[in-house]
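Here's the structure, in structure tokens; my notes come after.
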Amino acid sequence: MISCTEFIPAYSEAFKYLEKKGGRKKADEFWAYLSDLYLFDTLKKLVEENGIKGCFTYWEKALNEEAADFKMTLDEEKEEFRIDMFKCPSKGMLLEMKHMKPYKTYCEHCPALYSRVLEPMGYEFNMDLSQTDKAKCNLTVRKIREDESNG
């Protein structure tokens with residue numbers, strides 16, 4: 001069976017191609033399409049059924065399948081979830097490749113995919129991409145409380 005990581009260079013090249021043909025808007029549209037196609041039946045369903053714990057369940061499976069170096073933190077009382085990515089296998093692979101240059105904003109597909117699902121459900125999604133040149137990032141998902149959303 002082929003691993004999901006085998007497709008990473010193809011994803012990067014596809015993002016470059018889309019931007020070349022139609023600007024960044026085309027990459028954003030593609031990411032929205034992927035989010036709608038794949039995450040509404042997985043991540044969305046898990047969060048609907050389990051609240052913030054659904055995020056933990058989703059990423060625990062996905063990140064372990066990718067053999068990522070990460071730490072997840074779940075605080076069900078505060079309704080917060082966090083991932084500290086110490087070595088992203090996708091970006092790490094792209095950075096190590098000598099024969100190709102990664103799509104310049106490759107890592108922006110993550111917030112594009114996941115915020116599209118979580119924000120309409122009343123969650124705040126934040127991602128720090130300031131260290132992607134080292135294959136590091138972190139993301140935080142937090143339930144927006146009623147008193148916060150009203151003003």
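By order in the structure tokens, chains are A, B, ...; within a chain, residues start at 1; ligands start at 1, following the order shown.
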Per residue of region 49-77 of chain A within 10 Å of region 129-140 of chain A, which atom pair is closest and at what distance in Å (one decimal), using only C-alpha atoms, listed by chain and increasing number, as a tab-separated table?
```
residue	atom	partner	partner_atom	distance
A:Asp69	CA	A:Lys136	CA	9.4
A:Phe70	CA	A:Asn138	CA	9.2
A:Lys71	CA	A:Asn138	CA	9.5
A:Met72	CA	A:Leu139	CA	9.7
A:Thr73	CA	A:Thr140	CA	9.3
A:Leu74	CA	A:Thr140	CA	9.9
```
Per-residue DSSP, region 17-139 of chain A, filtered to alpha helix (DSSP H), as number ranges by chain: A: 17-22, 24-34, 43-50, 53-65, 89-96, 109-118
Generate the output file for the selected residues, C-alpha atoms, as an mmCIF file, in the first residue's frame.
```cif
data_model
loop_
_atom_site.group_PDB
_atom_site.id
_atom_site.type_symbol
_atom_site.label_atom_id
_atom_site.label_comp_id
_atom_site.auth_asym_id
_atom_site.auth_seq_id
_atom_site.Cartn_x
_atom_site.Cartn_y
_atom_site.Cartn_z
ATOM 1 C CA TYR A 17 0.516 24.787 -11.132
ATOM 2 C CA LEU A 18 -2.832 26.111 -9.907
ATOM 3 C CA GLU A 19 -1.295 29.393 -8.829
ATOM 4 C CA LYS A 20 0.560 29.737 -12.124
ATOM 5 C CA LYS A 21 -2.646 29.161 -14.106
ATOM 6 C CA GLY A 22 -5.085 31.188 -12.032
ATOM 7 C CA ARG A 24 -3.487 32.198 -5.517
ATOM 8 C CA LYS A 25 -7.282 32.219 -5.801
ATOM 9 C CA LYS A 26 -7.112 28.911 -7.692
ATOM 10 C CA ALA A 27 -5.083 27.244 -4.944
ATOM 11 C CA ASP A 28 -7.541 28.565 -2.354
ATOM 12 C CA GLU A 29 -10.479 27.217 -4.372
ATOM 13 C CA PHE A 30 -8.807 23.820 -4.625
ATOM 14 C CA TRP A 31 -8.186 23.726 -0.866
ATOM 15 C CA ALA A 32 -11.849 24.607 -0.241
ATOM 16 C CA TYR A 33 -12.865 21.783 -2.572
ATOM 17 C CA LEU A 34 -10.618 19.299 -0.730
ATOM 18 C CA LEU A 43 -13.416 15.952 11.125
ATOM 19 C CA LYS A 44 -16.815 17.648 11.106
ATOM 20 C CA LYS A 45 -18.619 14.459 12.079
ATOM 21 C CA LEU A 46 -16.166 13.745 14.917
ATOM 22 C CA VAL A 47 -16.527 17.268 16.327
ATOM 23 C CA GLU A 48 -20.324 17.181 16.008
ATOM 24 C CA GLU A 49 -20.414 13.897 17.942
ATOM 25 C CA ASN A 50 -17.638 14.554 20.492
ATOM 26 C CA LYS A 53 -12.394 15.843 21.711
ATOM 27 C CA GLY A 54 -13.287 15.113 18.074
ATOM 28 C CA CYS A 55 -10.288 17.239 17.046
ATOM 29 C CA PHE A 56 -8.020 15.080 19.197
ATOM 30 C CA THR A 57 -9.455 11.885 17.709
ATOM 31 C CA TYR A 58 -9.106 13.148 14.139
ATOM 32 C CA TRP A 59 -5.527 14.404 14.387
ATOM 33 C CA GLU A 60 -4.316 11.535 16.559
ATOM 34 C CA LYS A 61 -5.079 9.144 13.715
ATOM 35 C CA ALA A 62 -3.904 11.423 10.896
ATOM 36 C CA LEU A 63 -0.612 12.491 12.486
ATOM 37 C CA ASN A 64 0.313 9.000 13.618
ATOM 38 C CA GLU A 65 -0.347 7.669 10.091
ATOM 39 C CA PRO A 89 6.657 15.031 7.729
ATOM 40 C CA SER A 90 5.198 16.813 4.704
ATOM 41 C CA LYS A 91 7.153 20.041 4.919
ATOM 42 C CA GLY A 92 10.211 18.192 6.208
ATOM 43 C CA MET A 93 10.213 15.973 3.117
ATOM 44 C CA LEU A 94 9.838 18.959 0.810
ATOM 45 C CA LEU A 95 12.657 20.839 2.514
ATOM 46 C CA GLU A 96 15.004 17.851 2.138
ATOM 47 C CA HIS A 109 -3.298 24.579 2.991
ATOM 48 C CA CYS A 110 -3.734 23.424 6.610
ATOM 49 C CA PRO A 111 -5.585 26.489 7.935
ATOM 50 C CA ALA A 112 -7.501 26.695 4.645
ATOM 51 C CA LEU A 113 -8.731 23.102 5.010
ATOM 52 C CA TYR A 114 -9.479 22.981 8.724
ATOM 53 C CA SER A 115 -10.801 26.457 9.503
ATOM 54 C CA ARG A 116 -13.409 25.955 6.779
ATOM 55 C CA VAL A 117 -14.872 23.069 8.784
ATOM 56 C CA LEU A 118 -14.377 24.271 12.356
#
```
Residue nearest Lys101 (chain A) among A:Phe40, A:Phe86, A:Tyr123, A:Phe15 (counting only C-alpha atoms):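 Looking only at the distances to Lys101 (chain A), the closest residue turns out to be A:Phe15.
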Straight-line distance linking CA of Met100 (chain A) with CA of Pro9 (chain A), stated in Å to one decimal: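 Value for the CA of Met100 (chain A)-CA of Pro9 (chain A) distance: 8.4 Å.
One distance worth recording is that between CA of Arg82 (chain A) and CA of Phe125 (chain A), which is 9.9 Å.
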Interatomic distance (Å, one decimal) between CA of Glu124 (chain A) and CA of Glu76 (chain A):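 Between these atoms lies a distance of 14.8 Å.
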Residues of region 15-87 of chain A in strand (DSSP E), written as an MDAnalysis selection string: chainID A and resid 69:75 80:87
Shortest interatomic distance to Asp84 (chain A) - which of A:Ala68, A:Pro102, A:Ile144, A:Asp36, counting only C-alpha atoms: A:Ala68
A:Ile52, A:Tyr103, A:Leu37, A:Lys98 ranked by distance to Lys16 (chain A), top pick (using only C-alpha atoms):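 Among the listed residues, A:Tyr103 lies closest to Lys16 (chain A).
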